[in-house]
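Have a look at the structure below before the remarks.
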Amino acid sequence: MKNFLNSLREIRKYPSAIVGSVIILALVIAAVVVLITMPYKETIDFWRGGEASWYANPRYAPPKWFNWFRKDKLVESFTMKDTEESEEDGVVRVVEERDEGVKMITETFTFDYDYDTFPQDLAIYFTAQYDQKQPFVSLKWLTPDGREIKVASFAVGPKQTYRFIQDDKLQSKRLNGIVPNIGLFIDPEDPNQKVVKGTYQLVVEAVTFEADSNYTAEFVLYGQVYGWAGTDNLRRDLSIPLRWGIPIALTFGLLAALFTSVLTMIIAAIGAWYGGVVDALIQRITEVNMVLPFLSILIMVATFYSRSIWVILGVTILLSIFTGAIKGYRSIFLQVKESTYIEAAQAYGAGSGRLIFRYLLPRMIPMLLPALVSAVPAYVFLEATLAVLGIGDPVIPTWGKTINDAWVDAALYKGHYYWILQPAVLLMITGFGFAMLGFALDRIFNPRLRGM
Amino acid sequence: METVSEPIVTSKPEVKKSSSSSAFQRIFRYSFVRLITLFVTVVIGVYLTIMIANMGGYVDTIMKAEIRERVTITVANNQAYKNMPKDQLNELILERIQLEEKRMGLDRPLVVRSVNFLKNAMTLNLGRAVNMSSDAGSRQVRLIILERLPYTLLLMGTSNLVLFFSAMFLALALSRNYGSIWDKIVIALTPTSSAPAWFYGIFFILIFAAVLRILPFGGVMDAPIPETFIARALSVLKHLILPASALIISTFFLSIYNWRTFFLINSSEDYVDTAKAKGLQGRDIERRYILRPTLPYIITNFALMLIGIWTGAIVTETVFQWPGLGRTIFKAIGLYDTPVIVGTTIIYAYLLAITVFLLDFVYALVDPRVKIGGGK
């Protein structure tokens with residue numbers, strides 16, 4: 001054991017092992033943080049909530065760090081909401097009581113627009129409570145250069161959305177035929193259609209006609225970039241699968257690697273110790289398993305039976321135990337079996353179980369560790385592989401699933417590179433982190449590779 | 001996981017001095033036992049695949065439900081049966097369902113079917129596909145596989161051969177200049193082999209197809225198909241570059257590293273030192289004292305690489321829309337087409353068994369220390 005720890009200390013001599021360890025440590029910490037801050041059920045419900053969860057996000061918006069590399073800044077998405085209880089920055093709500101329960105509610109949304117490009121869309125989401133008579137709203141748009149554009153006036157239903165770019169009247173009559181998401185942000189006299197930068201105001205004047213009638217408005221500016229990870233075709237925030245992918249990838253990779261390498265070793269030890277029929281049986285099972293097409297079987301299980309990540313994990317482990325590795329371990333155990341200390345243990349009457357688990361197996365920990373760590377990337381990528389084939393776990397948002405979503409939507413063809421690159425880079429970092437550490441461990445613990 | 005360079009020779013004959021029994025008898029007995037073992041292994045493996053492809057009978061339930069639905073819809077939509085009385089119509093549907101189940105063989109229990117199926121598979125009588133057909137329109141599993149095989153052989157053959165020889169010769173050069181900067185670079189790059197081929201494929205598509213627009217996204221031929229043979233060949237070649245490079249790069253550095261380490265271990269043998277002490281040329285030492293004794297290992301890897309060519313790469317072919325065997329297997333699984341799944345498995349199983357069997361004899365030919373059946 002002391003030898004083992006001494007060898008472990010040699011890691012410091014391998015820069016790649018240090019980098020690998022740091023990556024793994026960072027991933028583990030990130031995974032724990034994700035599990036604590038993003039509870040499974042709520043995250044999944046939110047992720048799968050459809051338009052209800054994601055209506056306020058733009059489609060296909062790259063992450064906002066894209067702006068770091070661009071001269072003309074892309075618009076960031078934002079939402080401004082006003083409720084009676086709380087007022088957000090930039091939203092002012094003034095209520096004026098008139099006669100007979102008639103109220104005049106004026107809301108002003110003020111925001112700075114400092115970008116060089118135009119938003120995807122603008123929208124206002126209204127909710128209104130009333131008995132008989134609908135509240136009536138009129139919208140005004142105030143530009144930094146002091147112009148006032150009358151946008152629209154209409155009666156509001158219980159739940160109503162006003163989308164600026166779908167308003168043909170606004171486009172044709174008030175913006176000289178220019179699409180509103182551009183027309184509202186330019187000087188009509190300017191032939192270059194350059195953005196007028198500065199503070200814009202959207203004024204929503206509403207009249208309610210009943211005493212207990214009320215209404216709220218939420219202004220959404222759908223930008224060109226969104227959040228730290230961007231959004232996909234369904235407006236979903238990609239930071240959720242990117243973050244949730246960490247614990248999933250680590251759990252799948254580590255559990256599969258741990259179970260396969262430990263079980264392989266135990267079975268090899270049992271075979272080598274008992275010999276005869278047991279050994280022959282293990283050898284034959286291994287040979288049969290080598291004939292079986294591994295990936296095809298996993299695909300069959302996922303297609304025919306269950307796509308749950310736990311079922312796939314179980315089948316993966318089952319199929320990965322009896323592989324070529326078992327033969328390698330067996331030959332080493334056969335050598336160890338002849339050692340004098342085993343003979344001594346036998347002489348004082350140690351049973352087979354004790355001999356296998358207390359004398360044979362501990363000797364192999366130095367072999368086990370590099371094998372275990374090196375096996376992790378393969379399983380991390382296996383999970384992603386199944387997801388890319390479209391047979392990943394249907395519920396959990398993972399890296400592979402994101403790549404698959406992007407692939408199905410032809411993201412590379414359409415130019416939404418961030419959508420595929422982000423999960424791919426995370427997969428790569430994870431895979432390489434474990435591979436670098438495992439590789440260095442192999443060089444430390446494998447006596448034949450020492451100094452090579 | 002599939003690693004190319006892992007030697008999975010089932011039992012290497014043990015190295016031993018000559019024994020007394022007659023060589024012919026010994027070889028015969030050994031070959032016989034070995035053949036039987038391998039055959040039984042293949043039988044069990046194929047039977048397991050059949051059972052898995054049917055999920056132990058679960059797929060039957062799915063397929064029966066599917067037939068019921070399909071037949072009911074077809075009959076309901078048929079104008080000719082519009083005015084038929086209800087019970088007569090139901091009878092008609094039931095009759096059709098039975099007919100369809102009989103066509104697919106679902107009327108017999110799975111145990112009987114699977115044994116039958118096994119017998120046919122082992123005799124390479126691959127039968128007819130359930131749902132799939134070849135592009136030429138045939139339902140024969142043999143023809144479906146044969147139609148896809150050339151594409152897989154082209155893709156896998158190119159990448160595996162390039163990978164095998166380039167990795168081996170580069171490794172030999174590295175082991176000569178052990179500790180050089182190139183050696184260090186290769187070692188540092190070895191972890192890149194932890195990512196599978198499709199992963200590099202995505203990056204390649206991104207760079208060369210999406211951004212640079214110099215190579216196609218996928219497929220095997222330009223549309224419309226070029227007129228002349230040379231133009232067609234060039235078009236295929238152009239489509240081959242990305243998937244083949246993805247397959248090569250995904251194991252390239254690990255292969256070099258494995259070969260390099262292997263050569264280094266073998267060049268630290270005493271007899272190599274002796275040869276050096278005798279003052280032999282570096283090339284001669286390499287050929288006679290390093291390559292010659294390691295020939296069995298090299299041959300094993302080469303043989304396993306050769307049979308690996310026949311299996312196809314499921315994900316890489318899917319990502320690149322390469323019409324090979326791998327994509328056919330994936331499609332077959334999606335369509336519950338057991339005959340096609342088993343057909344591809346059996347070919348691989350047979351190739352593997354035959355290779356493993358032949359390798360024993362090849363060892364005896366190239367390595368004078370090895371004697372067939374000499375272990376006992």
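In the structure tokens, chains take the letters A, B, ... in the order shown, each chain's residues start at 1, and ligands count up from 1 in the order shown.
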Problem - Residue neighbourhood A:Leu441, 10 Å, only C-alpha atoms, exclusion window fewer than 5 positions, as a VMD selection string - result: chain A and resid 7 to 8 10 to 11 14 17 366 to 367 369 to 371 373 to 374 435 to 436 446
Handout entry: Interface, chain B side, toward chain A (7 Å; only C-alpha atoms) as number ranges by chain
Key = B: 8, 41-42, 44-45, 49, 53, 59, 191-192, 194-195, 206, 210, 315, 333-334, 345, 349
Handout entry: stretch 117-125 of chain B environment, 12 Å, only C-alpha atoms, sequence neighbours closer than 6 positions dropped, as a VMD selection string
Key = chain B and resid 39 to 51 53 to 54 105 110 to 111 140 to 143 338 to 350
Write the residues you've just listed into a file as an mmCIF file, in the first residue's frame, and include N, CA and C atoms for each of them.
```cif
data_model
loop_
_atom_site.group_PDB
_atom_site.id
_atom_site.type_symbol
_atom_site.label_atom_id
_atom_site.label_comp_id
_atom_site.auth_asym_id
_atom_site.auth_seq_id
_atom_site.Cartn_x
_atom_site.Cartn_y
_atom_site.Cartn_z
ATOM 1 N N PHE B 39 -16.783 -23.313 -33.223
ATOM 2 C CA PHE B 39 -18.101 -23.448 -33.819
ATOM 3 C C PHE B 39 -19.183 -23.264 -32.756
ATOM 4 N N VAL B 40 -18.970 -23.928 -31.615
ATOM 5 C CA VAL B 40 -19.947 -23.797 -30.527
ATOM 6 C C VAL B 40 -20.044 -22.334 -30.087
ATOM 7 N N THR B 41 -18.886 -21.675 -30.008
ATOM 8 C CA THR B 41 -18.881 -20.258 -29.633
ATOM 9 C C THR B 41 -19.737 -19.440 -30.593
ATOM 10 N N VAL B 42 -19.522 -19.672 -31.887
ATOM 11 C CA VAL B 42 -20.280 -18.915 -32.880
ATOM 12 C C VAL B 42 -21.767 -19.219 -32.763
ATOM 13 N N VAL B 43 -22.104 -20.519 -32.583
ATOM 14 C CA VAL B 43 -23.516 -20.895 -32.472
ATOM 15 C C VAL B 43 -24.171 -20.164 -31.310
ATOM 16 N N ILE B 44 -23.502 -20.213 -30.154
ATOM 17 C CA ILE B 44 -24.088 -19.555 -28.976
ATOM 18 C C ILE B 44 -24.201 -18.049 -29.212
ATOM 19 N N GLY B 45 -23.136 -17.477 -29.766
ATOM 20 C CA GLY B 45 -23.149 -16.040 -30.015
ATOM 21 C C GLY B 45 -24.288 -15.636 -30.937
ATOM 22 N N VAL B 46 -24.463 -16.396 -32.017
ATOM 23 C CA VAL B 46 -25.516 -16.055 -32.979
ATOM 24 C C VAL B 46 -26.892 -16.264 -32.357
ATOM 25 N N TYR B 47 -27.031 -17.361 -31.580
ATOM 26 C CA TYR B 47 -28.338 -17.608 -30.957
ATOM 27 C C TYR B 47 -28.684 -16.477 -29.989
ATOM 28 N N LEU B 48 -27.682 -16.041 -29.238
ATOM 29 C CA LEU B 48 -27.913 -14.925 -28.318
ATOM 30 C C LEU B 48 -28.348 -13.682 -29.093
ATOM 31 N N THR B 49 -27.675 -13.443 -30.229
ATOM 32 C CA THR B 49 -28.047 -12.275 -31.035
ATOM 33 C C THR B 49 -29.490 -12.389 -31.507
ATOM 34 N N ILE B 50 -29.887 -13.602 -31.930
ATOM 35 C CA ILE B 50 -31.266 -13.801 -32.379
ATOM 36 C C ILE B 50 -32.230 -13.479 -31.244
ATOM 37 N N MET B 51 -31.916 -14.003 -30.055
ATOM 38 C CA MET B 51 -32.815 -13.774 -28.929
ATOM 39 C C MET B 51 -32.852 -12.293 -28.552
ATOM 40 N N ALA B 53 -32.230 -9.784 -30.587
ATOM 41 C CA ALA B 53 -32.920 -9.049 -31.647
ATOM 42 C C ALA B 53 -34.425 -9.223 -31.540
ATOM 43 N N ASN B 54 -34.873 -10.264 -30.803
ATOM 44 C CA ASN B 54 -36.300 -10.431 -30.567
ATOM 45 C C ASN B 54 -36.686 -10.009 -29.162
ATOM 46 N N GLY B 105 -44.197 -15.303 -39.996
ATOM 47 C CA GLY B 105 -43.809 -16.427 -39.159
ATOM 48 C C GLY B 105 -44.170 -16.249 -37.707
ATOM 49 N N LEU B 110 -41.673 -18.534 -30.529
ATOM 50 C CA LEU B 110 -40.338 -17.990 -30.785
ATOM 51 C C LEU B 110 -39.254 -19.056 -30.687
ATOM 52 N N VAL B 111 -39.439 -20.006 -29.733
ATOM 53 C CA VAL B 111 -38.400 -21.021 -29.541
ATOM 54 C C VAL B 111 -38.183 -21.808 -30.829
ATOM 55 N N GLN B 140 -34.145 -10.135 -50.397
ATOM 56 C CA GLN B 140 -33.169 -11.123 -49.927
ATOM 57 C C GLN B 140 -32.134 -10.444 -49.035
ATOM 58 N N VAL B 141 -31.952 -10.959 -47.815
ATOM 59 C CA VAL B 141 -30.981 -10.366 -46.903
ATOM 60 C C VAL B 141 -29.589 -10.381 -47.529
ATOM 61 N N ARG B 142 -29.293 -11.478 -48.232
ATOM 62 C CA ARG B 142 -27.985 -11.615 -48.860
ATOM 63 C C ARG B 142 -27.739 -10.451 -49.835
ATOM 64 N N LEU B 143 -28.765 -10.150 -50.613
ATOM 65 C CA LEU B 143 -28.609 -9.078 -51.610
ATOM 66 C C LEU B 143 -28.538 -7.707 -50.947
ATOM 67 N N THR B 338 -35.111 -8.495 -37.865
ATOM 68 C CA THR B 338 -34.182 -9.463 -37.284
ATOM 69 C C THR B 338 -33.305 -10.160 -38.327
ATOM 70 N N PRO B 339 -33.851 -10.626 -39.453
ATOM 71 C CA PRO B 339 -32.983 -11.337 -40.402
ATOM 72 C C PRO B 339 -31.770 -10.509 -40.834
ATOM 73 N N VAL B 340 -31.965 -9.222 -41.054
ATOM 74 C CA VAL B 340 -30.835 -8.397 -41.491
ATOM 75 C C VAL B 340 -29.818 -8.244 -40.348
ATOM 76 N N ILE B 341 -30.312 -8.018 -39.130
ATOM 77 C CA ILE B 341 -29.419 -7.866 -37.982
ATOM 78 C C ILE B 341 -28.579 -9.125 -37.811
ATOM 79 N N VAL B 342 -29.275 -10.279 -37.826
ATOM 80 C CA VAL B 342 -28.559 -11.535 -37.618
ATOM 81 C C VAL B 342 -27.618 -11.818 -38.787
ATOM 82 N N GLY B 343 -28.063 -11.480 -39.981
ATOM 83 C CA GLY B 343 -27.238 -11.722 -41.165
ATOM 84 C C GLY B 343 -25.888 -11.030 -41.061
ATOM 85 N N THR B 344 -25.905 -9.767 -40.599
ATOM 86 C CA THR B 344 -24.632 -9.053 -40.489
ATOM 87 C C THR B 344 -23.782 -9.622 -39.355
ATOM 88 N N THR B 345 -24.456 -10.069 -38.282
ATOM 89 C CA THR B 345 -23.711 -10.616 -37.156
ATOM 90 C C THR B 345 -23.013 -11.917 -37.528
ATOM 91 N N ILE B 346 -23.755 -12.772 -38.237
ATOM 92 C CA ILE B 346 -23.221 -14.100 -38.524
ATOM 93 C C ILE B 346 -21.974 -14.008 -39.395
ATOM 94 N N ILE B 347 -21.978 -13.073 -40.337
ATOM 95 C CA ILE B 347 -20.814 -12.938 -41.213
ATOM 96 C C ILE B 347 -19.586 -12.565 -40.387
ATOM 97 N N TYR B 348 -19.791 -11.601 -39.487
ATOM 98 C CA TYR B 348 -18.679 -11.170 -38.641
ATOM 99 C C TYR B 348 -18.213 -12.306 -37.739
ATOM 100 N N ALA B 349 -19.172 -13.040 -37.152
ATOM 101 C CA ALA B 349 -18.819 -14.125 -36.242
ATOM 102 C C ALA B 349 -17.992 -15.187 -36.962
ATOM 103 N N TYR B 350 -18.439 -15.559 -38.163
ATOM 104 C CA TYR B 350 -17.706 -16.563 -38.935
ATOM 105 C C TYR B 350 -16.293 -16.074 -39.266
#
```
Handout entry: Residue list (alpha helix (DSSP H), DSSP) for stretch 52-163 of chain B, as a PyMOL selection string
Key = chain B and resi 52-53+58-77+86-103+110-122+141-163
Handout entry: Selection near A:Val203, 8 Å with only C-alpha atoms, sequence-local residues under 2 positions removed, as number ranges by chain
Key = A: 106-109, 139-142, 201, 205
Practice task
Tell me which protein, DNA and RNA residues are within 12 Å of A:Gln171, counting only C-alpha atoms, leaving out same-chain ones fewer than 5 positions away, and put them as a ChimeraX atom specification.
Solution key: /A:149-152,163-166,176-184
Deliver the residues from the most recent selection as a file, using C-alpha atoms, as a PDB file, in the first residue's frame.
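Below you can see part_12.pdb, which holds the result:
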```pdb
ATOM      1  CA  ILE A 149     -44.346  56.746 -33.331  1.00  0.00           C
ATOM      2  CA  LYS A 150     -47.893  55.650 -32.693  1.00  0.00           C
ATOM      3  CA  VAL A 151     -47.661  51.883 -32.768  1.00  0.00           C
ATOM      4  CA  ALA A 152     -51.153  50.505 -32.307  1.00  0.00           C
ATOM      5  CA  ARG A 163     -46.053  41.072 -31.999  1.00  0.00           C
ATOM      6  CA  PHE A 164     -44.582  44.153 -33.621  1.00  0.00           C
ATOM      7  CA  ILE A 165     -43.343  42.505 -36.808  1.00  0.00           C
ATOM      8  CA  GLN A 166     -46.717  40.940 -37.527  1.00  0.00           C
ATOM      9  CA  ASN A 176     -42.648  53.570 -44.672  1.00  0.00           C
ATOM     10  CA  GLY A 177     -42.874  49.852 -45.330  1.00  0.00           C
ATOM     11  CA  ILE A 178     -39.810  48.912 -43.309  1.00  0.00           C
ATOM     12  CA  VAL A 179     -40.153  45.869 -41.073  1.00  0.00           C
ATOM     13  CA  PRO A 180     -40.858  47.114 -37.525  1.00  0.00           C
ATOM     14  CA  ASN A 181     -37.886  45.370 -35.873  1.00  0.00           C
ATOM     15  CA  ILE A 182     -35.677  47.520 -38.112  1.00  0.00           C
ATOM     16  CA  GLY A 183     -37.941  50.497 -38.747  1.00  0.00           C
ATOM     17  CA  LEU A 184     -38.379  51.322 -35.084  1.00  0.00           C
TER      18      LEU A 184
END
```
Exercise for the section: Compare A:Ala272, A:Ile23, A:Leu221, A:Ala387 by their minimum atom-to-atom distance to A:Glu338, counting only C-alpha atoms, and give me the closest one. Expected result: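 Checking each of A:Ala272, A:Ile23, A:Leu221, A:Ala387 against A:Glu338, counting only C-alpha atoms, the winner is A:Ala272.
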Exercise for the section: Could you check how far atom CA of B:Asp337 sits from atom CA of B:Arg103, in Å to one decimal? Expected result: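 Computed distance, atom CA of B:Asp337 to atom CA of B:Arg103, equals 13.9 Å.
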Wanna dump the stretch 58-94 of chain A-stretch 237-254 of chain A contacts at 10 Å for me, each residue with its shortest atom pair and the distance in Å to one decimal, counting only C-alpha atoms, ordered by chain and number, as CSV?
```
residue,atom,partner,partner_atom,distance
A:Pro58,CA,A:Asp237,CA,9.4
A:Arg59,CA,A:Asp237,CA,9.6
A:Tyr60,CA,A:Asp237,CA,9.9
A:Ala61,CA,A:Asp237,CA,9.3
A:Pro62,CA,A:Leu238,CA,9.6
A:Pro63,CA,A:Leu238,CA,9.0
```
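Here atom CA of A:Val262 is placed at a distance of 24.6 Å from atom CA of A:Val32.
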Exercise for the section: May I have the residues within 10 Å of A:Asp114 as a PyMOL selection string, using only C-alpha atoms and disregarding those fewer than 3 positions away in the same chain? Expected result: chain A and resi 73-75+111+117+195-199
Practice task
Fewer than 2 positions away in the same chain doesn't count, so skip those; otherwise give me all residues within 10 Å of B:Pro216, counting only C-alpha atoms, as an NGL selection string.
Solution key: :B and (205 or 208-210 or 213-214 or 218-222 or 235 or 238-242 or 320)
Would you mind exporting N, CA and C atoms of the selected residues as a PDB file, in the first residue's frame?
```pdb
ATOM      1  N   ILE B 205     -16.844  18.025 -40.534  1.00  0.00           N
ATOM      2  CA  ILE B 205     -17.957  18.564 -41.321  1.00  0.00           C
ATOM      3  C   ILE B 205     -18.064  20.058 -41.079  1.00  0.00           C
ATOM      4  N   PHE B 208     -14.672  21.685 -42.829  1.00  0.00           N
ATOM      5  CA  PHE B 208     -14.448  21.556 -44.266  1.00  0.00           C
ATOM      6  C   PHE B 208     -15.722  21.673 -45.099  1.00  0.00           C
ATOM      7  N   ALA B 209     -16.854  21.312 -44.499  1.00  0.00           N
ATOM      8  CA  ALA B 209     -18.090  21.401 -45.279  1.00  0.00           C
ATOM      9  C   ALA B 209     -18.844  22.688 -44.989  1.00  0.00           C
ATOM     10  N   ALA B 210     -19.015  23.000 -43.695  1.00  0.00           N
ATOM     11  CA  ALA B 210     -19.871  24.140 -43.360  1.00  0.00           C
ATOM     12  C   ALA B 210     -19.134  25.469 -43.537  1.00  0.00           C
ATOM     13  N   ARG B 213     -16.518  25.059 -47.055  1.00  0.00           N
ATOM     14  CA  ARG B 213     -17.303  24.646 -48.232  1.00  0.00           C
ATOM     15  C   ARG B 213     -16.454  24.013 -49.328  1.00  0.00           C
ATOM     16  N   ILE B 214     -15.418  23.243 -48.945  1.00  0.00           N
ATOM     17  CA  ILE B 214     -14.618  22.613 -49.992  1.00  0.00           C
ATOM     18  C   ILE B 214     -14.913  21.128 -50.116  1.00  0.00           C
ATOM     19  N   GLY B 218     -21.849  15.025 -46.715  1.00  0.00           N
ATOM     20  CA  GLY B 218     -22.019  13.587 -46.540  1.00  0.00           C
ATOM     21  C   GLY B 218     -22.462  12.973 -47.847  1.00  0.00           C
ATOM     22  N   GLY B 219     -22.890  11.714 -47.785  1.00  0.00           N
ATOM     23  CA  GLY B 219     -23.288  11.016 -48.986  1.00  0.00           C
ATOM     24  C   GLY B 219     -22.089  10.381 -49.656  1.00  0.00           C
ATOM     25  N   VAL B 220     -22.306   9.854 -50.857  1.00  0.00           N
ATOM     26  CA  VAL B 220     -21.232   9.110 -51.491  1.00  0.00           C
ATOM     27  C   VAL B 220     -20.952   9.601 -52.916  1.00  0.00           C
ATOM     28  N   MET B 221     -21.861  10.380 -53.476  1.00  0.00           N
ATOM     29  CA  MET B 221     -21.682  10.803 -54.868  1.00  0.00           C
ATOM     30  C   MET B 221     -22.379  12.134 -55.077  1.00  0.00           C
ATOM     31  N   ASP B 222     -21.809  12.946 -55.989  1.00  0.00           N
ATOM     32  CA  ASP B 222     -22.457  14.211 -56.310  1.00  0.00           C
ATOM     33  C   ASP B 222     -23.793  13.956 -57.002  1.00  0.00           C
ATOM     34  N   SER B 235     -15.546  11.759 -57.667  1.00  0.00           N
ATOM     35  CA  SER B 235     -16.621  12.221 -56.802  1.00  0.00           C
ATOM     36  C   SER B 235     -16.704  11.366 -55.536  1.00  0.00           C
ATOM     37  N   LYS B 238     -13.879  12.206 -53.283  1.00  0.00           N
ATOM     38  CA  LYS B 238     -14.108  13.476 -52.585  1.00  0.00           C
ATOM     39  C   LYS B 238     -15.006  13.258 -51.368  1.00  0.00           C
ATOM     40  N   HIS B 239     -16.015  12.386 -51.541  1.00  0.00           N
ATOM     41  CA  HIS B 239     -16.921  12.116 -50.423  1.00  0.00           C
ATOM     42  C   HIS B 239     -16.277  11.219 -49.377  1.00  0.00           C
ATOM     43  N   LEU B 240     -15.242  10.503 -49.804  1.00  0.00           N
ATOM     44  CA  LEU B 240     -14.604   9.541 -48.895  1.00  0.00           C
ATOM     45  C   LEU B 240     -13.665  10.237 -47.910  1.00  0.00           C
ATOM     46  N   ILE B 241     -13.126  11.388 -48.322  1.00  0.00           N
ATOM     47  CA  ILE B 241     -12.047  12.014 -47.541  1.00  0.00           C
ATOM     48  C   ILE B 241     -12.452  12.251 -46.082  1.00  0.00           C
ATOM     49  N   LEU B 242     -13.584  12.909 -45.872  1.00  0.00           N
ATOM     50  CA  LEU B 242     -13.943  13.269 -44.497  1.00  0.00           C
ATOM     51  C   LEU B 242     -14.222  12.057 -43.606  1.00  0.00           C
ATOM     52  N   PHE B 320     -22.242  10.639 -41.584  1.00  0.00           N
ATOM     53  CA  PHE B 320     -21.837  11.066 -42.926  1.00  0.00           C
ATOM     54  C   PHE B 320     -22.808  10.585 -44.006  1.00  0.00           C
TER      55      PHE B 320
END
```
Practice task
Rank A:Thr430, A:Val425, A:Trp273, A:Val315 by their smallest atom-to-atom distance to A:Val28, using only C-alpha atoms, and report the top residue only.
Solution key: A:Thr430
Exercise for the section: Could you tell me which of B:Ile181, B:Ile52, B:Ala136, B:Val236 comes closest to B:Ala223 if we count only C-alpha atoms? Expected result: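 Counting only C-alpha atoms, the residue closest to B:Ala223 is B:Val236.
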Exercise for the section: Write out as a PyMOL selection string all residues of stretch 43-284 of chain A that backbone DSSP assigns to strand (DSSP E or B). Expected result: chain A and resi 76+78-82+91-97+103-113+121-129+136-142+148-155+159-163+186+195+198-208+214-222+225+231+237
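Nearest to B:Ile290 of all the residues B:Thr152, B:Ser255, B:Thr328, B:Ser175 is B:Ser175, based on only C-alpha atoms.
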